[in-house]
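Text of the file start.cif, holding mmCIF, C-alpha atoms:
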```cif
data_my_file
#
loop_
_atom_site.label_atom_id
_atom_site.label_comp_id
_atom_site.auth_asym_id
_atom_site.auth_seq_id
_atom_site.Cartn_x
_atom_site.Cartn_y
_atom_site.Cartn_z
CA MET A 84 3.74 -11.93 -28.61
CA THR A 85 5.10 -11.62 -25.04
CA SER A 86 3.03 -12.83 -22.12
CA ARG A 87 2.26 -10.56 -19.18
CA PRO A 88 4.34 -11.19 -16.06
CA THR A 89 2.68 -12.91 -13.12
CA VAL A 90 4.75 -10.81 -10.71
CA HIS A 91 6.39 -7.42 -11.26
CA HIS A 92 9.93 -7.15 -9.84
CA TRP A 93 11.97 -4.22 -8.55
CA ASP A 94 15.28 -5.15 -6.95
CA GLU A 95 17.82 -3.43 -4.74
CA PRO A 96 20.77 -1.73 -6.49
CA ALA A 97 23.68 -3.94 -7.49
CA GLY A 98 26.21 -4.36 -4.72
CA LEU A 99 23.75 -3.74 -1.91
CA ALA A 100 22.17 -6.37 0.30
CA ALA A 101 18.37 -6.34 0.34
CA ARG A 102 17.03 -4.67 3.49
CA GLY A 103 13.70 -6.50 3.29
CA THR A 104 10.94 -7.63 0.94
CA VAL A 105 7.65 -5.91 0.18
CA ILE A 106 4.89 -7.84 -1.61
CA VAL A 107 2.28 -5.59 -3.20
CA LEU A 108 -1.36 -6.67 -3.54
CA PRO A 109 -3.17 -4.34 -5.99
CA GLY A 110 -6.80 -3.30 -5.61
CA ARG A 111 -9.89 -3.21 -7.81
CA GLY A 112 -9.14 -2.91 -11.51
CA GLU A 113 -5.41 -2.66 -10.89
CA HIS A 114 -2.35 -4.77 -11.63
CA GLY A 115 1.11 -4.66 -10.10
CA GLY A 116 2.53 -2.50 -12.86
CA VAL A 117 0.63 0.58 -11.70
CA TYR A 118 2.88 0.58 -8.62
CA GLU A 119 6.07 1.07 -10.62
CA ARG A 120 6.85 4.45 -9.03
CA LEU A 121 6.52 2.99 -5.55
CA GLY A 122 8.46 -0.14 -6.48
CA ARG A 123 11.36 1.83 -7.93
CA ARG A 124 11.46 4.16 -4.94
CA LEU A 125 11.51 1.37 -2.36
CA ALA A 126 14.04 -0.59 -4.41
CA PHE A 127 16.33 2.46 -4.52
CA ASP A 128 16.42 2.22 -0.71
CA ALA A 129 17.39 -1.47 -1.09
CA TYR A 130 13.98 -2.99 -0.40
CA ARG A 131 13.09 -5.83 -2.76
CA VAL A 132 9.57 -5.32 -4.19
CA ARG A 133 7.27 -7.92 -5.74
CA ALA A 134 3.85 -6.82 -7.04
CA LEU A 135 1.18 -9.27 -8.14
CA ALA A 136 0.04 -8.81 -11.73
CA ASP A 137 -3.37 -10.29 -10.87
CA PRO A 138 -4.83 -9.63 -7.39
CA ALA A 139 -7.01 -12.75 -7.73
CA THR A 140 -3.88 -14.93 -7.36
CA ALA A 141 -3.03 -13.60 -3.87
CA ALA A 142 -4.05 -16.75 -1.97
CA THR A 143 -1.49 -18.86 -3.84
CA ALA A 144 1.05 -16.31 -5.08
CA VAL A 145 1.80 -14.63 -1.73
CA PRO A 146 2.65 -17.87 0.17
CA ALA A 147 4.83 -18.95 -2.76
CA LEU A 148 6.73 -15.65 -2.76
CA LEU A 149 7.26 -15.72 1.00
CA ALA A 150 8.52 -19.32 0.83
CA ARG A 151 11.36 -18.54 -1.57
CA GLU A 152 14.83 -18.75 -0.06
CA GLU A 153 15.90 -15.41 -1.50
CA THR A 154 13.04 -13.54 0.22
CA ALA A 155 14.90 -11.13 2.49
CA GLY A 156 13.42 -10.09 5.82
CA PRO A 157 11.67 -8.27 7.23
CA ARG A 158 8.86 -9.47 4.97
CA VAL A 159 5.91 -7.11 4.56
CA LEU A 160 2.59 -7.34 2.72
CA LEU A 161 1.46 -4.05 1.22
CA GLY A 162 -2.15 -3.99 0.05
CA SER A 163 -4.06 -1.19 -1.65
CA ASP A 164 -7.86 -0.96 -1.65
CA THR A 165 -9.22 -4.54 -1.77
CA GLY A 166 -5.61 -5.71 -1.82
CA ALA A 167 -5.43 -4.34 1.73
CA LEU A 168 -8.47 -6.45 2.66
CA ALA A 169 -6.81 -9.49 1.07
CA ALA A 170 -3.60 -8.87 3.01
CA VAL A 171 -5.51 -8.72 6.29
CA SER A 172 -7.42 -11.91 5.45
CA LEU A 173 -4.27 -13.85 4.58
CA VAL A 174 -2.76 -12.99 7.96
CA ALA A 175 -5.97 -13.31 9.99
CA ASP A 176 -6.68 -16.76 8.52
CA GLY A 177 -3.14 -17.97 9.19
CA VAL A 178 -2.30 -18.47 5.51
CA VAL A 179 0.91 -16.43 5.80
CA ALA A 180 2.90 -14.90 8.65
CA PRO A 181 4.68 -11.75 7.46
CA ASP A 182 6.48 -9.40 9.80
CA ALA A 183 4.11 -6.48 9.16
CA LEU A 184 1.34 -5.08 6.98
CA VAL A 185 0.96 -1.82 5.09
CA LEU A 186 -2.68 -1.02 4.26
CA ALA A 187 -3.45 1.81 1.83
CA GLY A 188 -6.96 3.07 1.14
CA LEU A 189 -8.60 0.20 3.04
CA PRO A 190 -12.31 -0.11 2.06
CA THR A 191 -14.26 0.65 5.21
CA THR A 192 -17.90 1.10 4.28
CA ALA A 193 -20.64 -0.51 2.19
CA ASP A 194 -21.85 2.93 1.09
CA GLU A 195 -19.21 3.41 -1.60
CA PRO A 196 -19.81 5.57 -4.70
CA THR A 197 -21.14 3.43 -7.54
CA GLY A 198 -21.39 6.00 -10.32
CA SER A 199 -17.79 5.47 -11.37
CA GLY A 200 -18.66 2.27 -13.21
CA ALA A 201 -20.13 4.00 -16.24
CA ASP A 202 -18.04 7.20 -16.20
CA PHE A 203 -14.28 6.80 -16.35
CA GLY A 204 -13.78 10.51 -15.72
CA ALA A 205 -15.71 10.20 -12.46
CA GLU A 206 -13.62 7.18 -11.51
CA LEU A 207 -10.39 9.09 -12.07
CA GLU A 208 -11.73 11.89 -9.86
CA LEU A 209 -12.31 9.39 -7.08
CA ARG A 210 -8.94 7.69 -7.52
CA THR A 211 -6.33 10.40 -7.90
CA ALA A 212 -5.53 14.03 -8.67
CA CYS A 213 -2.03 13.15 -9.92
CA PRO A 214 -1.87 13.93 -13.66
CA THR A 215 0.90 11.37 -14.24
CA HIS A 216 -1.09 8.56 -12.66
CA ARG A 217 -4.26 9.65 -14.44
CA GLY A 218 -2.42 9.51 -17.73
CA ARG A 219 -1.10 6.05 -16.97
CA LEU A 220 -4.51 4.65 -16.06
CA THR A 221 -6.07 6.22 -19.15
CA ALA A 222 -3.50 4.65 -21.49
CA ASP A 223 -3.18 1.32 -19.65
CA ALA A 224 -4.96 -1.46 -21.55
CA ALA A 225 -4.46 -3.84 -18.62
CA PHE A 226 -6.21 -1.53 -16.16
CA ARG A 227 -9.85 -2.57 -15.72
CA ARG A 228 -12.19 0.40 -15.71
CA GLY A 229 -15.39 0.53 -13.71
CA ALA A 230 -14.21 -1.87 -11.01
CA LEU A 231 -14.29 0.64 -8.15
CA THR A 232 -17.66 -0.55 -6.82
CA GLY A 233 -19.10 -3.13 -4.46
CA GLU A 234 -19.58 -3.94 -0.79
CA HIS A 235 -16.97 -5.55 1.44
CA ARG A 236 -16.78 -7.35 4.75
CA PRO A 237 -14.98 -5.44 7.51
CA PRO A 238 -11.32 -6.42 7.97
CA ALA A 239 -10.51 -8.93 10.72
CA LEU A 240 -7.94 -6.71 12.41
CA ASP A 241 -8.61 -8.39 15.74
CA ARG A 242 -6.84 -11.47 14.37
CA VAL A 243 -3.77 -9.60 13.11
CA GLY A 244 -0.89 -9.65 15.57
CA VAL A 245 1.79 -7.86 13.56
CA PRO A 246 2.54 -4.13 13.24
CA VAL A 247 0.36 -2.31 10.71
CA LEU A 248 1.03 0.94 8.86
CA ALA A 249 -2.25 2.36 7.55
CA LEU A 250 -2.03 5.04 4.85
CA HIS A 251 -5.26 6.85 4.02
CA GLY A 252 -6.18 9.85 1.91
CA ALA A 253 -7.76 12.73 3.80
CA LYS A 254 -9.93 13.41 0.73
CA ASP A 255 -10.85 9.77 0.06
CA ALA A 256 -14.52 9.73 -1.04
CA VAL A 257 -14.54 5.96 -1.67
CA SER A 258 -13.44 5.07 1.86
CA PRO A 259 -13.72 8.21 3.99
CA LEU A 260 -10.98 8.93 6.51
CA SER A 261 -13.56 9.25 9.29
CA ALA A 262 -14.69 5.67 8.65
CA ALA A 263 -11.07 4.48 8.50
CA ARG A 264 -10.41 6.03 11.89
CA ARG A 265 -13.36 4.12 13.35
CA VAL A 266 -12.20 0.82 11.81
CA TYR A 267 -8.62 1.22 13.02
CA SER A 268 -9.46 2.59 16.48
CA GLY A 269 -8.78 0.27 19.38
CA PHE A 270 -5.94 -1.57 17.65
CA PRO A 271 -2.63 -0.48 19.19
CA GLU A 272 -0.63 -2.28 16.50
CA VAL A 273 -2.08 0.04 13.82
CA HIS A 274 -0.22 3.26 13.02
CA LEU A 275 -2.57 5.41 10.93
CA VAL A 276 -1.10 8.14 8.70
CA SER A 277 -3.48 10.43 6.81
CA LEU A 278 -2.25 12.19 3.67
CA ALA A 279 -3.48 15.73 3.10
CA GLY A 280 -5.42 16.35 -0.11
CA THR A 281 -5.11 12.69 -1.10
CA ARG A 282 -7.89 10.64 -2.70
CA HIS A 283 -8.48 6.88 -2.75
CA ASP A 284 -5.28 5.79 -4.54
CA ALA A 285 -3.17 6.80 -1.56
CA LEU A 286 0.07 5.42 -3.03
CA ASN A 287 -0.44 7.03 -6.43
CA ASP A 288 -1.80 10.50 -5.74
CA LEU A 289 -0.09 13.89 -5.59
CA THR A 290 1.46 12.87 -2.26
CA HIS A 291 2.99 9.64 -3.62
CA ARG A 292 6.48 10.70 -2.52
CA THR A 293 5.30 11.29 1.05
CA ALA A 294 3.46 7.96 0.99
CA ALA A 295 6.61 6.15 -0.17
CA ALA A 296 8.71 7.97 2.45
CA SER A 297 6.23 6.92 5.15
CA VAL A 298 6.57 3.30 4.04
CA VAL A 299 10.38 3.49 4.10
CA LEU A 300 10.39 5.00 7.60
CA PHE A 301 8.04 2.22 8.76
CA LEU A 302 10.30 -0.43 7.22
CA GLU A 303 13.41 1.07 8.79
CA ARG A 304 11.76 1.08 12.23
CA LEU A 305 10.60 -2.49 11.68
CA ARG A 306 14.19 -3.54 10.97
CA LEU A 307 15.19 -2.28 14.42
CA ALA A 308 12.46 -4.17 16.30
CA ALA A 309 8.87 -5.32 15.92
CA GLY A 310 7.90 -2.70 18.50
CA LEU A 311 8.79 0.04 15.99
CA PRO A 312 11.20 2.13 18.10
CA PRO A 313 11.48 5.74 16.94
CA ILE A 314 14.34 6.68 14.66
CA ALA A 315 13.79 10.39 14.13
CA THR A 316 12.35 12.50 16.96
CA ALA A 317 11.25 16.11 16.47
CA GLU A 318 12.98 18.09 19.21
CA THR A 319 10.48 20.95 19.05
CA GLY A 320 11.53 22.54 22.31
CA LEU A 321 15.15 22.75 21.22
CA LEU A 322 14.12 24.26 17.90
CA ARG A 323 12.20 27.00 19.68
CA GLU A 324 15.27 27.79 21.79
CA VAL A 325 17.48 28.03 18.68
CA ALA A 326 14.90 30.24 16.93
CA ALA A 327 14.75 32.58 19.91
#
```

Please lay out the structure from this file as structure tokens.
Amino acid sequence: MTSRPTVHHWDEPAGLAARGTVIVLPGRGEHGGVYERLGRRLAFDAYRVRALADPATAATAVPALLAREETAGPRVLLGSDTGALAAVSLVADGVVAPDALVLAGLPTTADEPTGSGADFGAELELRTACPTHRGRLTADAAFRRGALTGEHRPPALDRVGVPVLALHGAKDAVSPLSAARRVYSGFPEVHLVSLAGTRHDALNDLTHRTAAASVVLFLERLRLAAGLPPIATAETGLLREVAA
């Protein structure tokens, strides 16, 4: 009998130097393995990805991962759902000092749907419309059903001094986009990206490729400078001239 890994690993292709390290903190009911698609995609672009198998170990596992000599920079914490809350807390409390945060589907309200606990079909509806991800969660014995409930303290974003990429589903019924906008407003370090038609599992819904691409663009800008200088600029005026 093989034991479950404590950390899931996806590495940069052989022969390429790592462009940075992303540590994934899963959310309620999840484990790091459900982020395999994201991990493989980021690793293909030479970002080293480490995803915690058990979100409850974040307080000890994340500092240990960041302390390893082979941890390439920039070093970014990526949290989904309550993993996003945990990532904020670790930085706000001074436990770790990464170069940036990526927050996906951040819980923003105490008035979350609670009916998903008894009805797995209802939980899937809240989480994702992606048939591949639905199939994975349905067949995954390590995924804990009925966990998508509970109240949460608001994130201490006022004590986070690093750049933040916030990814949020426009159709998130667990943590509505309107509430996320209110939580993130007033924080210039937060760059909020909403994903059309996307539900609560913002990294694993039908727009998972766009979500991953948004993370890569954020990482590439972070590599240039902490101020996130633009890399690609839409020259809309020039395009109109060409079209005419």

Task: Residue contacts of range 280-297 of chain A (10 Å, all atoms listed in the file) excluding same-chain residues fewer than 4 positions away, as a ChimeraX atom specification - done: /A:110,117-122,124-125,163-164,186-190,207-217,248-260,276,301-303

Residue contacts of Ala144 in chain A (9 Å, all atoms listed in the file) excluding same-chain residues fewer than 3 positions away, as a PDB file with C-alpha atoms, in the coordinates of the input:
```pdb
ATOM      1  CA  THR A  89       2.680 -12.910 -13.120  1.00  0.00           C
ATOM      2  CA  VAL A  90       4.750 -10.810 -10.710  1.00  0.00           C
ATOM      3  CA  LEU A 135       1.180  -9.270  -8.140  1.00  0.00           C
ATOM      4  CA  THR A 140      -3.880 -14.930  -7.360  1.00  0.00           C
ATOM      5  CA  ALA A 141      -3.030 -13.600  -3.870  1.00  0.00           C
ATOM      6  CA  ALA A 147       4.830 -18.950  -2.760  1.00  0.00           C
ATOM      7  CA  LEU A 148       6.730 -15.650  -2.760  1.00  0.00           C
ATOM      8  CA  LEU A 149       7.260 -15.720   1.000  1.00  0.00           C
TER       9      LEU A 149
END
```

TODO: Within 12 Å of (-8.7, -15.9, 10.3) (coordinates as in the file), grab all the protein and nucleic acid residues, counting all atoms listed in the file, and write them out as a list in words.
DONE: Ala169, Ala170, Val171, Ser172, Leu173, Val174, Ala175, Asp176, Gly177, Val178, Val179, Ala180, Pro238, Ala239, Leu240, Asp241, Arg242, Val243 and Gly244 of chain A

Task: Counting only C-alpha atoms, the residue of A:Arg102, A:His274, A:Arg264, A:Arg227 that sits nearest Leu307 in chain A - done: A:Arg102

- [ ] State, in Å with one decimal place, the distance from CA of Ala97 in chain A to CA of Pro138 in chain A.
- [x]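 Result for CA of Ala97 in chain A versus CA of Pro138 in chain A: 29.1 Å, one decimal.
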
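Note that CA of Trp93 in chain A and CA of Gly115 in chain A are 11.0 Å apart.
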